[in-house]
file protein.csv (CSV, C-alpha atoms)
chain,number,residue,atom,x,y,z
K,1,MET,CA,10.4,-105.6,-191.3
K,2,LYS,CA,14.0,-105.0,-190.5
K,3,ASN,CA,16.9,-105.2,-193.0
K,4,THR,CA,20.6,-105.1,-193.2
K,5,LEU,CA,20.8,-103.4,-196.6
K,6,LYS,CA,23.3,-100.8,-195.3
K,7,VAL,CA,25.7,-103.6,-194.1
K,8,GLN,CA,25.4,-105.6,-197.4
K,9,ARG,CA,26.0,-102.4,-199.3
K,10,ALA,CA,29.1,-101.6,-197.2
K,11,ILE,CA,30.4,-105.1,-197.8
K,12,LEU,CA,30.2,-104.5,-201.6
K,13,ASP,CA,31.6,-101.0,-201.1
K,14,LEU,CA,28.6,-99.5,-202.9
K,15,THR,CA,27.1,-96.0,-202.3
K,16,GLN,CA,23.3,-95.6,-202.2
K,17,GLU,CA,23.5,-94.1,-205.7
K,18,ASP,CA,25.5,-97.1,-207.0
K,19,LEU,CA,23.0,-99.6,-205.7
K,20,ALA,CA,20.1,-97.5,-206.9
K,21,ASN,CA,21.6,-97.4,-210.4
K,22,LYS,CA,22.2,-101.2,-210.4
K,23,ILE,CA,18.5,-102.0,-209.7
K,24,GLY,CA,17.0,-99.0,-211.5
K,25,VAL,CA,15.5,-97.0,-208.7
K,26,SER,CA,16.2,-93.6,-207.2
K,27,ARG,CA,18.7,-93.1,-204.4
K,28,GLN,CA,15.7,-91.9,-202.3
K,29,THR,CA,14.2,-95.4,-202.5
K,30,ILE,CA,17.3,-97.1,-201.2
K,31,ASN,CA,17.5,-94.5,-198.4
K,32,SER,CA,13.9,-95.1,-197.4
K,33,ILE,CA,14.4,-98.9,-197.5
K,34,GLU,CA,17.5,-98.7,-195.3
K,35,LYS,CA,15.6,-96.5,-192.8
K,36,ASN,CA,12.7,-98.9,-192.7
K,37,ARG,CA,10.3,-96.3,-194.0
K,38,TYR,CA,9.5,-98.3,-197.1
K,39,ILE,CA,9.0,-102.1,-197.6
K,40,PRO,CA,10.0,-103.0,-201.2
K,41,SER,CA,8.1,-105.2,-203.5
K,42,THR,CA,9.1,-108.8,-204.1
K,43,VAL,CA,10.5,-107.7,-207.5
K,44,LEU,CA,12.8,-105.1,-205.9
K,45,ALA,CA,13.8,-107.5,-203.1
K,46,LEU,CA,14.8,-110.1,-205.8
K,47,LYS,CA,16.8,-107.5,-207.7
K,48,LEU,CA,18.6,-106.7,-204.4
K,49,SER,CA,19.2,-110.3,-203.9
K,50,ALA,CA,20.8,-110.6,-207.3
K,51,VAL,CA,23.1,-107.7,-206.6
K,52,PHE,CA,24.2,-109.0,-203.2
K,53,LYS,CA,24.2,-112.6,-204.5
K,54,LEU,CA,22.4,-113.7,-201.3
K,55,PRO,CA,18.9,-115.1,-200.5
K,56,VAL,CA,16.3,-112.4,-199.7
K,57,ASN,CA,15.8,-113.6,-196.1
K,58,THR,CA,19.5,-113.0,-195.3
K,59,PHE,CA,19.0,-109.2,-195.5
K,60,PHE,CA,15.3,-108.9,-194.9
K,61,ALA,CA,13.7,-110.3,-191.7
K,62,LEU,CA,10.3,-110.1,-190.1
K,63,GLU,CA,9.8,-108.4,-186.8
K,64,GLU,CA,7.5,-109.5,-184.0
K,65,ASN,CA,4.7,-107.1,-184.9
K,66,ASP,CA,4.8,-108.1,-188.6
E,1,MET,CA,-15.4,-119.4,-220.9
E,2,LYS,CA,-16.5,-116.3,-222.8
E,3,GLY,CA,-17.3,-114.5,-219.5
E,4,SER,CA,-13.9,-115.2,-218.1
E,5,LYS,CA,-12.3,-113.8,-221.3
E,6,ILE,CA,-14.3,-110.6,-221.0
E,7,CYS,CA,-13.3,-110.3,-217.3
E,8,GLU,CA,-9.6,-110.9,-218.2
E,9,ARG,CA,-9.8,-108.2,-221.0
E,10,GLU,CA,-11.4,-105.8,-218.5
E,11,ARG,CA,-8.8,-106.5,-215.9
E,12,ILE,CA,-6.0,-105.8,-218.5
E,13,GLN,CA,-7.7,-102.6,-219.6
E,14,LEU,CA,-8.1,-101.4,-216.0
E,15,GLU,CA,-4.4,-102.2,-215.3
E,16,LYS,CA,-3.4,-100.2,-218.3
E,17,MET,CA,-5.5,-97.2,-217.2
E,18,ASN,CA,-4.2,-97.5,-213.7
E,19,LYS,CA,-0.6,-97.4,-214.9
E,20,PHE,CA,-1.2,-94.5,-217.3
E,21,GLN,CA,1.3,-91.7,-216.8
E,22,LEU,CA,2.7,-89.0,-219.0
E,23,GLU,CA,6.4,-88.5,-219.7
E,24,ASN,CA,8.4,-86.2,-217.4
E,25,HIS,CA,8.6,-83.3,-219.9
E,26,TYR,CA,4.8,-82.8,-219.7
E,27,LYS,CA,5.4,-81.6,-216.1
E,28,LYS,CA,7.0,-78.4,-217.6
E,29,VAL,CA,4.1,-77.9,-219.9
E,30,GLY,CA,1.8,-78.2,-216.9
E,31,PHE,CA,3.8,-75.7,-214.9
E,32,ILE,CA,3.7,-73.2,-217.8
E,33,ALA,CA,0.0,-73.6,-218.3
E,34,ALA,CA,-0.8,-73.4,-214.6
E,35,ILE,CA,1.4,-70.5,-213.8
E,36,GLY,CA,0.5,-68.6,-217.0
E,37,SER,CA,-3.3,-69.0,-216.5
E,38,PHE,CA,-3.0,-68.1,-212.8
E,39,ALA,CA,-1.0,-64.9,-213.7
E,40,PHE,CA,-3.7,-64.1,-216.3
E,41,MET,CA,-6.5,-64.6,-213.7
E,42,ILE,CA,-4.8,-62.2,-211.3
E,43,ALA,CA,-4.3,-59.7,-214.1
E,44,MET,CA,-8.0,-60.0,-215.0
E,45,LYS,CA,-8.9,-58.4,-211.8
E,46,TYR,CA,-7.4,-55.1,-213.0
E,47,PHE,CA,-8.7,-55.0,-216.5
E,48,ASP,CA,-12.0,-55.4,-218.2
E,49,ASN,CA,-12.3,-58.8,-219.7
E,50,PRO,CA,-15.0,-60.7,-221.6
E,51,VAL,CA,-17.1,-63.1,-219.4
E,52,TRP,CA,-16.1,-66.2,-221.4
E,53,LEU,CA,-12.4,-65.7,-220.6
E,54,LYS,CA,-12.7,-66.7,-216.9
E,55,PRO,CA,-14.0,-70.3,-217.4
E,56,ILE,CA,-11.3,-70.9,-220.1
E,57,LEU,CA,-8.5,-69.7,-217.8
E,58,GLU,CA,-9.9,-71.9,-215.0
E,59,GLY,CA,-10.0,-74.8,-217.4
E,60,VAL,CA,-6.4,-74.2,-218.5
E,61,LEU,CA,-5.2,-73.9,-214.8
E,62,LEU,CA,-6.9,-77.2,-213.9
E,63,MET,CA,-5.4,-78.9,-217.0
E,64,GLY,CA,-2.0,-77.6,-216.1
E,65,LEU,CA,-2.3,-78.9,-212.5
E,66,LEU,CA,-3.5,-82.3,-213.9
E,67,LEU,CA,-0.6,-82.5,-216.3
E,68,ILE,CA,1.8,-81.9,-213.3
E,69,SER,CA,0.0,-84.5,-211.3
E,70,ILE,CA,0.0,-87.3,-213.8
E,71,SER,CA,3.5,-86.7,-215.3
E,72,LYS,CA,6.2,-89.1,-214.3
E,73,ASP,CA,9.1,-88.0,-212.1
E,74,LYS,CA,12.6,-88.2,-213.5
E,75,ILE,CA,13.1,-91.5,-211.8
E,76,GLU,CA,9.7,-93.1,-211.5
E,77,ASP,CA,10.0,-96.3,-209.4
E,78,GLU,CA,7.7,-98.2,-207.2
E,79,TYR,CA,8.5,-96.1,-204.1
E,80,ILE,CA,7.5,-92.9,-205.9
E,81,ASP,CA,4.4,-94.7,-207.1
E,82,SER,CA,3.5,-95.5,-203.5
E,83,LEU,CA,4.0,-91.9,-202.4
E,84,ARG,CA,1.9,-90.8,-205.3
E,85,SER,CA,-0.9,-93.2,-204.3
E,86,GLN,CA,-0.8,-91.9,-200.7
E,87,SER,CA,-1.0,-88.3,-201.9
E,88,TYR,CA,-4.1,-89.1,-204.1
E,89,ARG,CA,-5.8,-90.8,-201.2
E,90,LEU,CA,-5.2,-87.8,-198.9
E,91,ALA,CA,-6.3,-85.4,-201.5
E,92,PHE,CA,-9.5,-87.3,-202.1
E,93,VAL,CA,-10.4,-87.3,-198.4
E,94,PHE,CA,-9.5,-83.6,-198.0
E,95,ALA,CA,-11.5,-82.6,-201.1
E,96,ILE,CA,-14.6,-84.3,-199.7
E,97,LEU,CA,-14.2,-82.6,-196.3
E,98,TYR,CA,-13.7,-79.3,-198.1
E,99,ALA,CA,-16.8,-79.8,-200.2
E,100,LEU,CA,-18.8,-80.7,-197.1
E,101,LEU,CA,-17.5,-77.9,-194.8
E,102,GLN,CA,-17.0,-75.0,-197.2
E,103,PRO,CA,-20.7,-74.2,-197.6
E,104,LEU,CA,-21.1,-74.3,-193.9
E,105,VAL,CA,-18.1,-72.0,-193.4
E,106,ASN,CA,-19.5,-69.6,-196.0
E,107,PHE,CA,-22.8,-69.6,-194.3
E,108,VAL,CA,-21.3,-68.9,-190.8
E,109,VAL,CA,-19.1,-66.1,-192.2
E,110,SER,CA,-21.9,-64.4,-194.0
E,111,TYR,CA,-24.2,-64.8,-190.9
E,112,ALA,CA,-21.4,-63.4,-188.6
E,113,LEU,CA,-20.8,-60.5,-190.9
E,114,GLN,CA,-24.5,-60.0,-191.2
E,115,GLN,CA,-24.3,-59.8,-195.0
E,116,ASP,CA,-27.7,-59.2,-196.6
E,117,ASN,CA,-26.8,-60.9,-199.8
E,118,GLU,CA,-27.0,-64.7,-200.0
E,119,TYR,CA,-23.9,-66.5,-198.9
E,120,GLU,CA,-21.8,-67.6,-201.8
E,121,SER,CA,-21.6,-71.3,-202.5
E,122,PHE,CA,-18.6,-72.9,-204.1
E,123,ASN,CA,-18.2,-74.2,-207.7
E,124,TYR,CA,-16.6,-77.2,-209.3
E,125,PHE,CA,-13.4,-75.2,-210.0
E,126,GLN,CA,-12.8,-74.6,-206.3
E,127,VAL,CA,-13.1,-78.2,-205.3
E,128,LEU,CA,-11.0,-79.5,-208.2
E,129,PHE,CA,-8.4,-76.8,-207.7
E,130,PHE,CA,-8.2,-77.6,-204.0
E,131,MET,CA,-8.0,-81.4,-204.7
E,132,LEU,CA,-5.1,-81.0,-207.2
E,133,VAL,CA,-3.2,-78.5,-205.1
E,134,VAL,CA,-3.5,-80.7,-202.0
E,135,GLN,CA,-2.4,-83.8,-204.0
E,136,LEU,CA,0.7,-82.0,-205.3
E,137,LEU,CA,1.6,-80.5,-202.0
E,138,PHE,CA,1.2,-83.9,-200.2
E,139,PHE,CA,3.3,-85.6,-202.9
E,140,TRP,CA,6.1,-83.1,-202.6
E,141,LYS,CA,5.9,-83.1,-198.8
E,142,LEU,CA,6.1,-86.9,-198.7
E,143,LYS,CA,9.0,-87.0,-201.1
E,144,LYS,CA,10.8,-84.4,-199.0
E,145,GLN,CA,10.1,-86.3,-195.7
E,146,HIS,CA,11.5,-89.6,-196.9

call {"tool": "encode", "arguments": {"input": "protein.csv", "output": "structure tokens"}}
result
Amino acid sequence: MKNTLKVQRAILDLTQEDLANKIGVSRQTINSIEKNRYIPSTVLALKLSAVFKLPVNTFFALEEND
Amino acid sequence: MKGSKICERERIQLEKMNKFQLENHYKKVGFIAAIGSFAFMIAMKYFDNPVWLKPILEGVLLMGLLLISISKDKIEDEYIDSLRSQSYRLAFVFAILYALLQPLVNFVVSYALQQDNEYESFNYFQVLFFMLVVQLLFFWKLKKQH
């Protein structure tokens, strides 16, 4: 699964730490999601969606092998 | 109806057990217990000690490692939880391999060195210590890698 978390974060001018604090996770978690090393749960995806004020599928997308 | 209620109660209890973790400050207690008992065990080699002391120290060391293992991180989120699960899975597999291979290695070594005495088997402490150490090392390694 690919994502544009970094882009959305840049649009809102948020650091990884800021975003992590907003959704109650560690900076490490945001970093791992951005680098596609970790696929977040639906709960976390919805929390991100609330911060970005965008539907989940605008910043998360399936890849061919998913 | 009654059966489904029992199943539901069991499911809730299992979920509670599965989510059980100690607060972060227990990690320090675990470190103190583990390092303290380990230092004592090393010191024991140089002094005469009663026989009953060794199993107690081994127990304290295992309890200390267990406290470190089941204590929360400062920020315990779903990602840390997934890394923790991965480390438990790896530790479980490695501990079984260790338990299967260790007697064989001991036998081969004692045979190669042509020791007359019977080759030493391993005890529960070795396996549990190995399992806990492997879990903690994999957990730290996974956290560092990501």

call {"tool": "residues_around", "arguments": {"input": "protein.csv", "residues": "Thr42 of chain K", "least_positions_apart": "2", "cutoff": "12 Å", "atoms": "only C-alpha atoms", "output": "list in words"}}
result
Ile39, Pro40, Leu44, Ala45, Leu46, Lys47, Leu48, Ser49, Val56, Asn57 and Phe60 of chain K; Glu78 of chain E

call {"tool": "atom_distance", "arguments": {"input": "protein.csv", "atom1": "atom CA of Asp73 of chain E", "atom2": "atom CA of Glu23 of chain E"}}
result
8.1 Å

call {"tool": "residues_around", "arguments": {"input": "protein.csv", "residues": "Phe20 of chain E", "least_positions_apart": "4", "cutoff": "12 Å", "atoms": "all atoms listed in the file", "output": "PyMOL selection string"}}
result
chain E and resi 13-16+69-72+81

call {"tool": "residues_around", "arguments": {"input": "protein.csv", "residues": "Asp66 of chain K", "least_positions_apart": "3", "cutoff": "10 Å", "atoms": "all atoms listed in the file", "output": "ChimeraX atom specification"}}
result
/K:1-2,61-63

call {"tool": "residues_around", "arguments": {"input": "protein.csv", "residues": "Arg84 of chain E", "least_positions_apart": "3", "cutoff": "9 Å", "atoms": "all atoms listed in the file", "output": "ChimeraX atom specification"}}
result
/E:69,79-81,87-89,135-136,138-139,142

call {"tool": "atom_distance", "arguments": {"input": "protein.csv", "atom1": "atom CA of Tyr38 of chain K", "atom2": "atom CA of Asp18 of chain K"}}
result
18.9 Å

call {"tool": "residues_around", "arguments": {"input": "protein.csv", "residues": "Val51 of chain K", "least_positions_apart": "5", "cutoff": "9 Å", "atoms": "all atoms listed in the file", "output": "PyMOL selection string"}}
result
chain K and resi 19+22-23+46

call {"tool": "closest_residue", "arguments": {"input": "protein.csv", "among": "E:Leu101, E:Lys143, E:Leu113, E:Lys2", "to": "Arg37 of chain K", "atoms": "only C-alpha atoms"}}
result
E:Lys143

call {"tool": "closest_atom_pairs", "arguments": {"input": "protein.csv", "of": "chain K", "to": "chain E", "cutoff": "7 Å", "atoms": "all atoms listed in the file", "output": "tab-separated table"}}
result
residue	atom	partner	partner_atom	distance
K:Val25	CA	E:Asp77	CA	5.6
K:Ser26	CA	E:Ile75	CA	5.9
K:Thr29	CA	E:Tyr79	CA	6.0
K:Ser32	CA	E:His146	CA	6.0

call {"tool": "write_last_selection", "arguments": {"input": "protein.csv", "atoms": "C-alpha atoms", "output": "compact mmCIF listing (two decimals), in the frame of the given file"}}
result
# COMPACT_ATOMS: atom_id res chain seq x y z
CA VAL K 25 15.50 -97.00 -208.70
CA SER K 26 16.20 -93.60 -207.20
CA THR K 29 14.20 -95.40 -202.50
CA SER K 32 13.90 -95.10 -197.40

call {"tool": "atom_distance", "arguments": {"input": "protein.csv", "atom1": "atom CA of Ser85 of chain E", "atom2": "atom CA of Asn21 of chain K"}}
result
23.7 Å

call {"tool": "closest_residue", "arguments": {"input": "protein.csv", "among": "K:Lys35, K:Ser41, K:Lys53, K:Thr15", "to": "Asn3 of chain K", "atoms": "all atoms listed in the file"}}
result
K:Lys35

call {"tool": "decode", "arguments": {"input": "protein.csv", "residues": "segment 91-119 of chain E", "atoms": "N, CA and C atoms", "output": "short mmCIF file (atom, residue, chain, number, x, y, z; two decimals), in the first residue's frame"}}
result
data_model
loop_
_atom_site.label_atom_id
_atom_site.label_comp_id
_atom_site.auth_asym_id
_atom_site.auth_seq_id
_atom_site.Cartn_x
_atom_site.Cartn_y
_atom_site.Cartn_z
N ALA E 91 11.03 -14.98 19.12
CA ALA E 91 11.61 -15.56 20.34
C ALA E 91 11.06 -16.98 20.57
N PHE E 92 9.79 -17.16 20.30
CA PHE E 92 9.15 -18.47 20.48
C PHE E 92 9.81 -19.51 19.58
N VAL E 93 9.97 -19.15 18.31
CA VAL E 93 10.57 -20.09 17.34
C VAL E 93 12.03 -20.38 17.71
N PHE E 94 12.78 -19.32 18.05
CA PHE E 94 14.19 -19.51 18.39
C PHE E 94 14.35 -20.35 19.67
N ALA E 95 13.46 -20.16 20.63
CA ALA E 95 13.56 -20.92 21.89
C ALA E 95 13.31 -22.40 21.63
N ILE E 96 12.37 -22.70 20.74
CA ILE E 96 12.12 -24.12 20.42
C ILE E 96 13.32 -24.72 19.71
N LEU E 97 13.88 -23.97 18.77
CA LEU E 97 15.08 -24.46 18.07
C LEU E 97 16.22 -24.68 19.06
N TYR E 98 16.36 -23.72 19.99
CA TYR E 98 17.40 -23.82 21.01
C TYR E 98 17.20 -25.08 21.84
N ALA E 99 15.95 -25.30 22.27
CA ALA E 99 15.65 -26.47 23.11
C ALA E 99 15.90 -27.77 22.36
N LEU E 100 15.67 -27.76 21.05
CA LEU E 100 15.88 -28.97 20.25
C LEU E 100 17.36 -29.22 19.96
N LEU E 101 18.07 -28.13 19.69
CA LEU E 101 19.46 -28.29 19.25
C LEU E 101 20.48 -28.33 20.39
N GLN E 102 20.18 -27.66 21.50
CA GLN E 102 21.16 -27.55 22.57
C GLN E 102 21.65 -28.90 23.11
N PRO E 103 20.75 -29.87 23.39
CA PRO E 103 21.25 -31.17 23.86
C PRO E 103 22.17 -31.84 22.84
N LEU E 104 21.84 -31.67 21.56
CA LEU E 104 22.65 -32.25 20.50
C LEU E 104 24.04 -31.62 20.48
N VAL E 105 24.08 -30.28 20.60
CA VAL E 105 25.36 -29.56 20.61
C VAL E 105 26.18 -30.01 21.82
N ASN E 106 25.54 -30.09 22.97
CA ASN E 106 26.23 -30.53 24.20
C ASN E 106 26.83 -31.93 24.02
N PHE E 107 26.04 -32.81 23.39
CA PHE E 107 26.49 -34.18 23.18
C PHE E 107 27.70 -34.21 22.24
N VAL E 108 27.60 -33.44 21.13
CA VAL E 108 28.70 -33.41 20.15
C VAL E 108 29.97 -32.85 20.78
N VAL E 109 29.82 -31.78 21.56
CA VAL E 109 30.99 -31.16 22.20
C VAL E 109 31.62 -32.14 23.19
N SER E 110 30.79 -32.77 24.01
CA SER E 110 31.35 -33.70 25.01
C SER E 110 32.00 -34.91 24.33
N TYR E 111 31.42 -35.33 23.18
CA TYR E 111 31.99 -36.44 22.43
C TYR E 111 33.31 -36.03 21.79
N ALA E 112 33.34 -34.81 21.21
CA ALA E 112 34.55 -34.32 20.54
C ALA E 112 35.70 -34.13 21.53
N LEU E 113 35.33 -33.66 22.72
CA LEU E 113 36.36 -33.43 23.73
C LEU E 113 36.68 -34.70 24.53
N GLN E 114 35.97 -35.75 24.19
CA GLN E 114 36.14 -37.07 24.84
C GLN E 114 36.07 -36.98 26.35
N GLN E 115 35.01 -36.26 26.79
CA GLN E 115 34.82 -36.14 28.23
C GLN E 115 34.20 -37.43 28.75
N ASP E 116 34.74 -37.90 29.87
CA ASP E 116 34.22 -39.14 30.43
C ASP E 116 32.85 -38.94 31.09
N ASN E 117 32.72 -37.76 31.70
CA ASN E 117 31.45 -37.54 32.39
C ASN E 117 30.32 -37.36 31.37
N GLU E 118 29.12 -37.59 31.84
CA GLU E 118 27.96 -37.48 30.96
C GLU E 118 27.81 -36.03 30.50
N TYR E 119 27.37 -35.89 29.26
CA TYR E 119 27.20 -34.52 28.77
C TYR E 119 26.05 -33.86 29.51
#
